[in-house]
file coords.cif (mmCIF, C-alpha atoms)
data_target
#
loop_
_atom_site.label_atom_id
_atom_site.label_comp_id
_atom_site.auth_asym_id
_atom_site.auth_seq_id
_atom_site.Cartn_x
_atom_site.Cartn_y
_atom_site.Cartn_z
CA MET A 1 0.00 0.00 0.00
CA GLY A 2 2.95 2.33 0.56
CA ASP A 3 3.81 2.43 -3.14
CA ALA A 4 0.18 3.07 -4.04
CA ASP A 5 -0.08 5.90 -1.52
CA PHE A 6 3.12 7.48 -2.80
CA GLN A 7 1.92 7.25 -6.40
CA ARG A 8 -1.43 8.76 -5.45
CA LYS A 9 0.27 11.73 -3.75
CA CYS A 10 2.61 12.30 -6.70
CA LEU A 11 -0.16 12.22 -9.29
CA GLY A 12 -2.32 14.44 -7.11
CA LYS A 13 0.48 17.00 -6.77
CA MET A 14 1.07 16.99 -10.52
CA GLY A 15 -2.62 17.60 -11.08
CA ASP A 16 -2.54 20.54 -8.68
CA VAL A 17 0.46 22.06 -10.48
CA ALA A 18 -1.22 21.70 -13.86
CA ASP A 19 -4.43 23.25 -12.56
CA SER A 20 -2.46 26.27 -11.34
CA GLY A 21 -1.70 27.24 -14.94
CA ARG A 22 1.90 26.03 -15.15
CA THR A 23 3.14 23.73 -17.90
CA VAL A 24 3.98 20.19 -16.81
CA LEU A 25 5.93 17.68 -18.92
CA PHE A 26 4.80 14.22 -17.85
CA VAL A 27 6.74 11.21 -19.22
CA SER A 28 5.16 7.83 -18.52
CA HIS A 29 4.00 4.44 -19.83
CA ASN A 30 0.94 4.69 -17.55
CA MET A 31 -1.79 5.39 -20.09
CA SER A 32 -4.48 6.00 -17.47
CA ALA A 33 -2.37 8.64 -15.73
CA ILE A 34 -1.56 10.28 -19.07
CA GLN A 35 -5.25 10.63 -19.92
CA ARG A 36 -6.11 11.93 -16.46
CA LEU A 37 -3.31 14.48 -16.22
CA THR A 38 -2.69 15.70 -19.77
CA GLN A 39 -4.60 17.24 -22.63
CA GLU A 40 -2.01 16.69 -25.36
CA SER A 41 0.59 13.95 -25.78
CA ILE A 42 3.61 13.12 -27.92
CA VAL A 43 4.30 9.50 -28.86
CA LEU A 44 7.99 8.63 -29.19
CA ASP A 45 9.67 5.54 -30.60
CA LYS A 46 13.46 5.34 -30.17
CA GLY A 47 13.62 9.13 -29.92
CA LYS A 48 11.54 9.71 -33.04
CA VAL A 49 8.26 11.64 -32.78
CA LEU A 50 5.48 9.49 -34.24
CA MET A 51 2.49 11.57 -33.22
CA ARG A 52 1.46 14.75 -31.42
CA ALA A 53 -2.25 14.78 -30.68
CA PRO A 54 -4.92 15.06 -27.97
CA SER A 55 -4.07 12.52 -25.27
CA ALA A 56 -7.00 10.17 -25.93
CA GLU A 57 -6.02 9.92 -29.60
CA ALA A 58 -2.32 9.48 -28.78
CA VAL A 59 -3.08 6.70 -26.28
CA ASP A 60 -5.17 4.84 -28.86
CA PHE A 61 -2.33 5.16 -31.37
CA TYR A 62 0.25 3.90 -28.85
CA LEU A 63 -1.76 0.87 -27.76
CA ASN A 64 -2.92 -0.11 -31.25
CA ARG A 65 0.60 0.02 -32.70
CA GLY A 66 1.89 -2.25 -29.93
CA LEU A 67 4.86 0.06 -29.29
CA SER A 68 5.74 -1.85 -26.15
CA LYS A 69 7.59 -5.15 -26.53
CA LEU A 70 5.78 -7.97 -28.26
CA GLY A 71 3.60 -10.02 -25.93
CA GLU A 72 4.87 -13.39 -27.12
CA ARG A 73 7.49 -15.85 -25.93
CA TYR A 74 8.97 -18.93 -27.61
CA TRP A 75 10.79 -21.59 -25.63
CA GLU A 76 14.18 -22.61 -26.97
CA ASP A 77 15.13 -26.29 -26.80
CA ASP A 78 17.72 -25.65 -24.07
CA GLU A 79 15.01 -24.02 -21.90
CA VAL A 80 12.92 -27.19 -21.78
CA PRO A 81 14.11 -29.97 -19.46
CA ALA A 82 14.35 -33.44 -20.95
CA SER A 83 12.09 -34.61 -18.11
CA SER A 84 9.21 -32.63 -19.69
CA ALA A 85 8.84 -35.21 -22.49
CA PRO A 86 6.51 -36.16 -24.05
CA PHE A 87 5.21 -32.60 -23.39
CA LYS A 88 7.08 -29.83 -25.21
CA PRO A 89 6.09 -26.15 -24.72
CA LEU A 90 6.37 -24.10 -27.89
CA ALA A 91 5.01 -20.59 -27.27
CA ILE A 92 2.75 -18.38 -25.17
CA ARG A 93 1.20 -15.09 -26.28
CA ILE A 94 -1.24 -12.33 -25.30
CA VAL A 95 -3.84 -11.51 -27.95
CA ASP A 96 -5.98 -8.37 -27.79
CA LYS A 97 -9.61 -7.97 -28.91
CA ASP A 98 -8.54 -7.25 -32.49
CA GLY A 99 -6.45 -10.41 -32.75
CA ASN A 100 -3.11 -8.61 -32.39
CA VAL A 101 -0.28 -9.92 -30.23
CA SER A 102 0.71 -7.26 -27.70
CA ASP A 103 2.03 -6.96 -24.17
CA SER A 104 -0.11 -3.88 -23.51
CA VAL A 105 -3.86 -4.46 -23.36
CA ARG A 106 -6.91 -2.62 -22.06
CA SER A 107 -8.82 -3.42 -18.91
CA VAL A 108 -12.10 -2.63 -20.71
CA ASP A 109 -11.44 -5.19 -23.49
CA PRO A 110 -11.38 -8.99 -23.47
CA ILE A 111 -7.98 -10.62 -23.94
CA THR A 112 -6.92 -14.13 -24.91
CA ILE A 113 -3.98 -16.15 -23.64
CA GLU A 114 -2.70 -18.78 -26.09
CA ILE A 115 -0.33 -21.63 -25.22
CA ASP A 116 1.18 -23.70 -28.05
CA TYR A 117 2.68 -27.11 -27.25
CA GLU A 118 3.57 -30.44 -28.82
CA LEU A 119 2.97 -33.94 -27.54
CA THR A 120 5.40 -36.53 -28.88
CA GLU A 121 3.30 -39.31 -27.32
CA GLU A 122 -0.26 -39.59 -26.08
CA ILE A 123 -0.85 -38.27 -22.55
CA THR A 124 -3.79 -39.19 -20.34
CA GLY A 125 -5.24 -36.68 -17.90
CA LEU A 126 -3.18 -33.73 -19.16
CA ARG A 127 -4.15 -30.23 -18.11
CA VAL A 128 -2.41 -27.12 -19.46
CA GLY A 129 -2.91 -23.78 -17.77
CA PHE A 130 -1.44 -20.71 -16.18
CA TYR A 131 -0.92 -18.95 -12.89
CA LEU A 132 -1.49 -15.20 -13.01
CA PHE A 133 0.54 -13.07 -10.60
CA THR A 134 1.21 -9.40 -9.99
CA THR A 135 4.83 -8.35 -10.41
CA ARG A 136 5.08 -8.50 -6.59
CA GLY A 137 4.34 -12.20 -6.74
CA GLU A 138 0.79 -11.89 -5.42
CA PRO A 139 -1.50 -14.59 -6.92
CA VAL A 140 -4.48 -13.30 -8.89
CA PHE A 141 -6.02 -16.53 -10.18
CA THR A 142 -5.21 -19.91 -11.74
CA SER A 143 -6.93 -21.54 -14.72
CA PHE A 144 -6.52 -24.83 -16.64
CA ASP A 145 -7.85 -25.79 -20.06
CA THR A 146 -9.86 -28.74 -18.68
CA ASP A 147 -11.52 -26.90 -15.78
CA SER A 148 -14.90 -27.31 -17.50
CA GLU A 149 -16.57 -30.71 -17.25
CA GLU A 150 -17.13 -30.76 -21.01
CA LEU A 151 -13.46 -30.29 -21.96
CA PHE A 152 -12.37 -32.54 -19.09
CA ARG A 153 -14.37 -35.42 -20.59
CA GLU A 154 -13.45 -34.64 -24.21
CA TYR A 155 -9.70 -34.46 -23.58
CA THR A 156 -9.20 -37.27 -21.09
CA GLY A 157 -6.54 -38.52 -23.50
CA ARG A 158 -4.61 -36.36 -25.96
CA PRO A 159 -2.94 -38.12 -28.91
CA LYS A 160 0.47 -36.94 -30.07
CA GLY A 161 0.38 -33.77 -32.13
CA VAL A 162 0.61 -29.97 -31.90
CA TYR A 163 -2.02 -28.13 -29.84
CA THR A 164 -3.04 -24.62 -28.85
CA SER A 165 -4.95 -24.08 -25.60
CA ARG A 166 -6.73 -20.71 -25.44
CA CYS A 167 -8.18 -18.90 -22.45
CA ALA A 168 -10.46 -15.87 -22.87
CA ILE A 169 -10.34 -13.37 -20.01
CA PRO A 170 -13.49 -11.22 -20.04
CA ALA A 171 -13.42 -7.44 -20.28
CA HIS A 172 -13.43 -5.54 -16.99
CA THR A 173 -11.46 -8.21 -15.15
CA LEU A 174 -7.93 -6.90 -14.51
CA ASN A 175 -6.85 -3.64 -12.93
CA GLU A 176 -4.10 -1.47 -14.37
CA GLY A 177 -0.55 -2.65 -13.78
CA ARG A 178 1.88 -5.28 -14.93
CA PHE A 179 1.19 -8.99 -14.56
CA VAL A 180 3.21 -12.20 -14.87
CA LEU A 181 2.04 -15.51 -16.35
CA GLY A 182 3.38 -18.84 -15.15
CA VAL A 183 2.70 -21.97 -17.23
CA ASN A 184 1.92 -25.42 -15.86
CA ALA A 185 1.37 -28.72 -17.70
CA SER A 186 0.55 -31.70 -15.51
CA SER A 187 -1.58 -34.74 -14.85
CA TYR A 188 -3.22 -34.12 -11.50
CA ARG A 189 -1.48 -35.99 -8.65
CA ILE A 190 0.37 -38.12 -11.19
CA ARG A 191 3.06 -36.04 -12.86
CA ARG A 192 4.12 -32.48 -13.55
CA TYR A 193 5.52 -32.33 -17.05
CA PHE A 194 6.52 -28.68 -17.29
CA GLN A 195 6.37 -25.49 -15.25
CA ASP A 196 7.70 -22.00 -15.93
CA ASP A 197 6.74 -19.54 -13.20
CA GLN A 198 7.74 -16.48 -15.25
CA ALA A 199 6.80 -17.41 -18.78
CA LEU A 200 5.56 -13.99 -19.91
CA SER A 201 4.66 -10.56 -18.57
CA PHE A 202 2.18 -7.99 -19.87
CA SER A 203 0.65 -4.64 -18.93
CA VAL A 204 -2.97 -3.65 -18.48
CA ASP A 205 -4.13 -0.10 -19.13
CA ALA A 206 -7.27 1.00 -17.27
CA SER A 207 -8.24 3.91 -19.52
CA GLY A 208 -12.03 4.18 -19.52
CA ALA A 209 -12.49 1.55 -16.80
CA ALA A 210 -14.98 1.94 -13.96
CA GLY A 211 -13.98 4.75 -11.62
CA THR A 212 -11.26 6.34 -13.75
CA GLN A 213 -13.04 9.68 -13.50
CA TRP A 214 -11.21 9.98 -10.17
CA PRO A 215 -7.45 10.64 -10.47
CA GLU A 216 -6.36 7.92 -8.09
CA PRO A 217 -4.88 4.44 -8.47
CA ARG A 218 -7.10 1.70 -7.07
CA PRO A 219 -5.56 -1.08 -5.01
CA GLY A 220 -6.09 -4.66 -6.05
CA ALA A 221 -5.36 -6.77 -9.10
CA VAL A 222 -8.93 -6.92 -10.42
CA ARG A 223 -11.20 -4.08 -11.51
CA PRO A 224 -14.68 -5.43 -12.28
CA ALA A 225 -17.41 -3.14 -13.62
CA LEU A 226 -20.06 -3.92 -11.02
CA GLU A 227 -23.69 -2.90 -11.20
CA TRP A 228 -24.80 -0.37 -8.57
CA THR A 229 -28.15 1.25 -7.83
CA ILE A 230 -28.84 4.39 -5.81
CA ASP A 231 -32.20 4.83 -4.12
CA GLN A 232 -33.29 8.03 -2.43
CA ARG A 233 -35.73 7.77 0.44
CA GLY A 234 -37.19 11.04 1.49
CA GLY A 235 -35.40 14.35 1.26
CA ALA A 236 -36.15 18.02 0.88
#

call {"tool": "encode", "arguments": {"input": "coords.cif", "output": "structure tokens"}}
result
Amino acid sequence: MGDADFQRKCLGKMGDVADSGRTVLFVSHNMSAIQRLTQESIVLDKGKVLMRAPSAEAVDFYLNRGLSKLGERYWEDDEVPASSAPFKPLAIRIVDKDGNVSDSVRSVDPITIEIDYELTEEITGLRVGFYLFTTRGEPVFTSFDTDSEELFREYTGRPKGVYTSRCAIPAHTLNEGRFVLGVNASSYRIRRYFQDDQALSFSVDASGAAGTQWPEPRPGAVRPALEWTIDQRGGA
């Protein structure tokens, strides 16, 4: 909470300075803060100016071009222990709502996590999934591709071949910040074939998410858009 409090005070002070009529140059990869604190933004790539525009337009340009590092990771042969056989991890990626691979996605949009792998022999009872953590190592949630009864029954045995397991994370799930994905492939209580606790990291931008009209970071790893009602009883 200390870091969050410090960030809140800093952003609040910057807002006060800007409101006083002075010019503030704010350099950041925090898209939510940029939209809250600035009216105009400049997008840079390796020192080259790509765009100067109203902040909302510049943020859209930045996110849609995927100017942060590509949200995809391939495992080299020397990164995979021989004990993982017959399971062989190939790749993991973050896919945005438009089907683009990117490590910077929006809280208000759905995202998809894809895991590619090869089986050199048939495996019974295999489950492939991920652990989601904050960069502080705090667990957010865990999910496996056979969590549903339907897929559990359909994929009791997986013949040899190349597969892709996909997980769709609904819009309005994650809060702004950076997250880490760990990959696990195992047969429950029988064998763990492969695990990589830091397979891939990605950032979530909360621009337009619930509550962003207030210039404050919200604690917590999730940011659901919950339904509220307000009833007035009596009054003047």

call {"tool": "atom_distance", "arguments": {"input": "coords.cif", "atom1": "CA of Leu126 in chain A", "atom2": "CA of Pro159 in chain A"}}
result
10.7 Å

call {"tool": "closest_residue", "arguments": {"input": "coords.cif", "among": "A:Ser20, A:Ala168, A:Val128, A:Glu79", "to": "Gly99 in chain A", "atoms": "all atoms listed in the file"}}
result
A:Ala168

call {"tool": "residues_around", "arguments": {"input": "coords.cif", "residues": "range 147-155 of chain A", "least_positions_apart": "6", "cutoff": "10 Å", "atoms": "all atoms listed in the file", "output": "PyMOL selection string"}}
result
chain A and resi 123-129

call {"tool": "write_last_selection", "arguments": {"input": "coords.cif", "atoms": "C-alpha atoms", "output": "PDB file, in the frame of the given file"}}
result
ATOM      1  CA  ILE A 123      -0.850 -38.270 -22.550  1.00  0.00           C
ATOM      2  CA  THR A 124      -3.790 -39.190 -20.340  1.00  0.00           C
ATOM      3  CA  GLY A 125      -5.240 -36.680 -17.900  1.00  0.00           C
ATOM      4  CA  LEU A 126      -3.180 -33.730 -19.160  1.00  0.00           C
ATOM      5  CA  ARG A 127      -4.150 -30.230 -18.110  1.00  0.00           C
ATOM      6  CA  VAL A 128      -2.410 -27.120 -19.460  1.00  0.00           C
ATOM      7  CA  GLY A 129      -2.910 -23.780 -17.770  1.00  0.00           C
TER       8      GLY A 129
END

call {"tool": "resolve_selection", "arguments": {"input": "coords.cif", "expression": "the PyMOL selection byres ((chain A and resi 210) around 10)", "output": "list in words"}}
result
Ser107, Val108, His172, Asn175, Ala206, Ser207, Gly208, Ala209, Gly211, Thr212, Gln213, Trp214, Arg223, Pro224, Ala225 and Leu226 of chain A

call {"tool": "residues_near_point", "arguments": {"input": "coords.cif", "point": "(4.8, -32.2, -27.8)", "cutoff": "8 Å", "atoms": "only C-alpha atoms", "output": "list in words"}}
result
Ala85, Pro86, Phe87, Lys88, Pro89, Tyr117, Glu118, Leu119, Thr120, Glu121, Lys160, Gly161 and Val162 of chain A

call {"tool": "closest_residue", "arguments": {"input": "coords.cif", "among": "A:Val95, A:Leu37, A:Ile111, A:Ile190", "to": "Ile169 in chain A", "atoms": "only C-alpha atoms"}}
result
A:Ile111

call {"tool": "decode", "arguments": {"input": "coords.cif", "residues": "range 47-91 of chain A", "atoms": "N, CA and C atoms", "output": "CSV table (one decimal), in the first residue's frame"}}
result
chain,number,residue,atom,x,y,z
A,47,GLY,N,13.3,7.7,-29.8
A,47,GLY,CA,13.6,9.1,-29.9
A,47,GLY,C,13.0,9.8,-31.1
A,48,LYS,N,12.2,9.1,-31.9
A,48,LYS,CA,11.5,9.7,-33.0
A,48,LYS,C,10.1,10.0,-32.7
A,49,VAL,N,9.6,11.2,-33.0
A,49,VAL,CA,8.3,11.6,-32.8
A,49,VAL,C,7.3,11.0,-33.8
A,50,LEU,N,6.4,10.1,-33.3
A,50,LEU,CA,5.5,9.5,-34.2
A,50,LEU,C,4.1,10.2,-34.3
A,51,MET,N,3.8,10.9,-33.2
A,51,MET,CA,2.5,11.6,-33.2
A,51,MET,C,2.5,12.6,-32.1
A,52,ARG,N,1.8,13.7,-32.4
A,52,ARG,CA,1.5,14.8,-31.4
A,52,ARG,C,0.0,15.0,-31.6
A,53,ALA,N,-0.8,14.7,-30.5
A,53,ALA,CA,-2.3,14.8,-30.7
A,53,ALA,C,-2.9,14.9,-29.3
A,54,PRO,N,-4.2,15.1,-29.3
A,54,PRO,CA,-4.9,15.1,-28.0
A,54,PRO,C,-4.6,13.7,-27.3
A,55,SER,N,-4.6,13.7,-26.0
A,55,SER,CA,-4.1,12.5,-25.3
A,55,SER,C,-4.9,11.3,-25.6
A,56,ALA,N,-6.2,11.4,-25.7
A,56,ALA,CA,-7.0,10.2,-25.9
A,56,ALA,C,-6.6,9.6,-27.3
A,57,GLU,N,-6.4,10.4,-28.3
A,57,GLU,CA,-6.0,9.9,-29.6
A,57,GLU,C,-4.6,9.3,-29.6
A,58,ALA,N,-3.7,10.0,-28.9
A,58,ALA,CA,-2.3,9.5,-28.8
A,58,ALA,C,-2.2,8.1,-28.1
A,59,VAL,N,-3.1,8.0,-27.0
A,59,VAL,CA,-3.1,6.7,-26.3
A,59,VAL,C,-3.6,5.6,-27.2
A,60,ASP,N,-4.7,5.8,-27.9
A,60,ASP,CA,-5.2,4.8,-28.9
A,60,ASP,C,-4.1,4.4,-29.9
A,61,PHE,N,-3.4,5.4,-30.4
A,61,PHE,CA,-2.3,5.2,-31.4
A,61,PHE,C,-1.2,4.3,-30.8
A,62,TYR,N,-0.8,4.6,-29.5
A,62,TYR,CA,0.3,3.9,-28.9
A,62,TYR,C,-0.1,2.4,-28.6
A,63,LEU,N,-1.3,2.2,-28.1
A,63,LEU,CA,-1.8,0.9,-27.8
A,63,LEU,C,-2.0,0.0,-29.0
A,64,ASN,N,-2.6,0.7,-30.0
A,64,ASN,CA,-2.9,-0.1,-31.2
A,64,ASN,C,-1.7,-0.5,-32.1
A,65,ARG,N,-0.6,0.3,-32.0
A,65,ARG,CA,0.6,0.0,-32.7
A,65,ARG,C,1.5,-1.0,-32.0
A,66,GLY,N,1.1,-1.3,-30.7
A,66,GLY,CA,1.9,-2.2,-29.9
A,66,GLY,C,3.3,-1.8,-29.8
A,67,LEU,N,3.5,-0.5,-29.4
A,67,LEU,CA,4.9,0.1,-29.3
A,67,LEU,C,5.7,-0.5,-28.1
A,68,SER,N,5.0,-1.2,-27.2
A,68,SER,CA,5.7,-1.9,-26.2
A,68,SER,C,6.2,-3.2,-26.7
A,69,LYS,N,7.0,-3.9,-26.0
A,69,LYS,CA,7.6,-5.2,-26.5
A,69,LYS,C,6.5,-6.2,-26.8
A,70,LEU,N,6.8,-7.0,-27.8
A,70,LEU,CA,5.8,-8.0,-28.3
A,70,LEU,C,5.4,-8.9,-27.2
A,71,GLY,N,4.1,-9.2,-27.0
A,71,GLY,CA,3.6,-10.0,-25.9
A,71,GLY,C,3.6,-11.5,-26.3
A,72,GLU,N,4.8,-12.0,-26.7
A,72,GLU,CA,4.9,-13.4,-27.1
A,72,GLU,C,6.2,-13.9,-26.7
A,73,ARG,N,6.2,-15.2,-26.3
A,73,ARG,CA,7.5,-15.8,-25.9
A,73,ARG,C,7.6,-17.3,-26.5
A,74,TYR,N,8.7,-17.6,-27.1
A,74,TYR,CA,9.0,-18.9,-27.6
A,74,TYR,C,10.0,-19.6,-26.7
A,75,TRP,N,9.8,-20.9,-26.4
A,75,TRP,CA,10.8,-21.6,-25.6
A,75,TRP,C,11.8,-22.2,-26.5
A,76,GLU,N,13.1,-22.0,-26.3
A,76,GLU,CA,14.2,-22.6,-27.0
A,76,GLU,C,14.4,-24.0,-26.4
A,77,ASP,N,15.0,-24.9,-27.2
A,77,ASP,CA,15.1,-26.3,-26.8
A,77,ASP,C,15.9,-26.4,-25.5
A,78,ASP,N,16.9,-25.5,-25.3
A,78,ASP,CA,17.7,-25.6,-24.1
A,78,ASP,C,17.0,-25.1,-22.8
A,79,GLU,N,15.8,-24.5,-23.0
A,79,GLU,CA,15.0,-24.0,-21.9
A,79,GLU,C,14.0,-25.1,-21.4
A,80,VAL,N,13.9,-26.2,-22.1
A,80,VAL,CA,12.9,-27.2,-21.8
A,80,VAL,C,13.7,-28.4,-21.3
A,81,PRO,N,13.4,-28.8,-20.0
A,81,PRO,CA,14.1,-30.0,-19.5
A,81,PRO,C,13.7,-31.2,-20.2
A,82,ALA,N,14.6,-32.2,-20.3
A,82,ALA,CA,14.4,-33.4,-20.9
A,82,ALA,C,13.2,-34.2,-20.2
A,83,SER,N,13.1,-33.9,-18.9
A,83,SER,CA,12.1,-34.6,-18.1
A,83,SER,C,10.7,-34.2,-18.5
A,84,SER,N,10.5,-33.1,-19.3
A,84,SER,CA,9.2,-32.6,-19.7
A,84,SER,C,8.6,-33.6,-20.7
A,85,ALA,N,9.4,-34.3,-21.4
A,85,ALA,CA,8.8,-35.2,-22.5
A,85,ALA,C,7.8,-36.2,-21.9
A,86,PRO,N,6.8,-36.5,-22.6
A,86,PRO,CA,6.5,-36.2,-24.0
A,86,PRO,C,5.8,-34.8,-24.3
A,87,PHE,N,5.8,-34.0,-23.2
A,87,PHE,CA,5.2,-32.6,-23.4
A,87,PHE,C,6.3,-31.6,-23.8
A,88,LYS,N,6.1,-30.8,-24.8
A,88,LYS,CA,7.1,-29.8,-25.2
A,88,LYS,C,6.4,-28.5,-25.4
A,89,PRO,N,6.7,-27.5,-24.5
A,89,PRO,CA,6.1,-26.1,-24.7
A,89,PRO,C,6.7,-25.5,-25.9
A,90,LEU,N,5.9,-24.8,-26.7
A,90,LEU,CA,6.4,-24.1,-27.9
A,90,LEU,C,6.3,-22.6,-27.7
A,91,ALA,N,5.1,-22.0,-27.3
A,91,ALA,CA,5.0,-20.6,-27.3
A,91,ALA,C,3.8,-20.2,-26.4
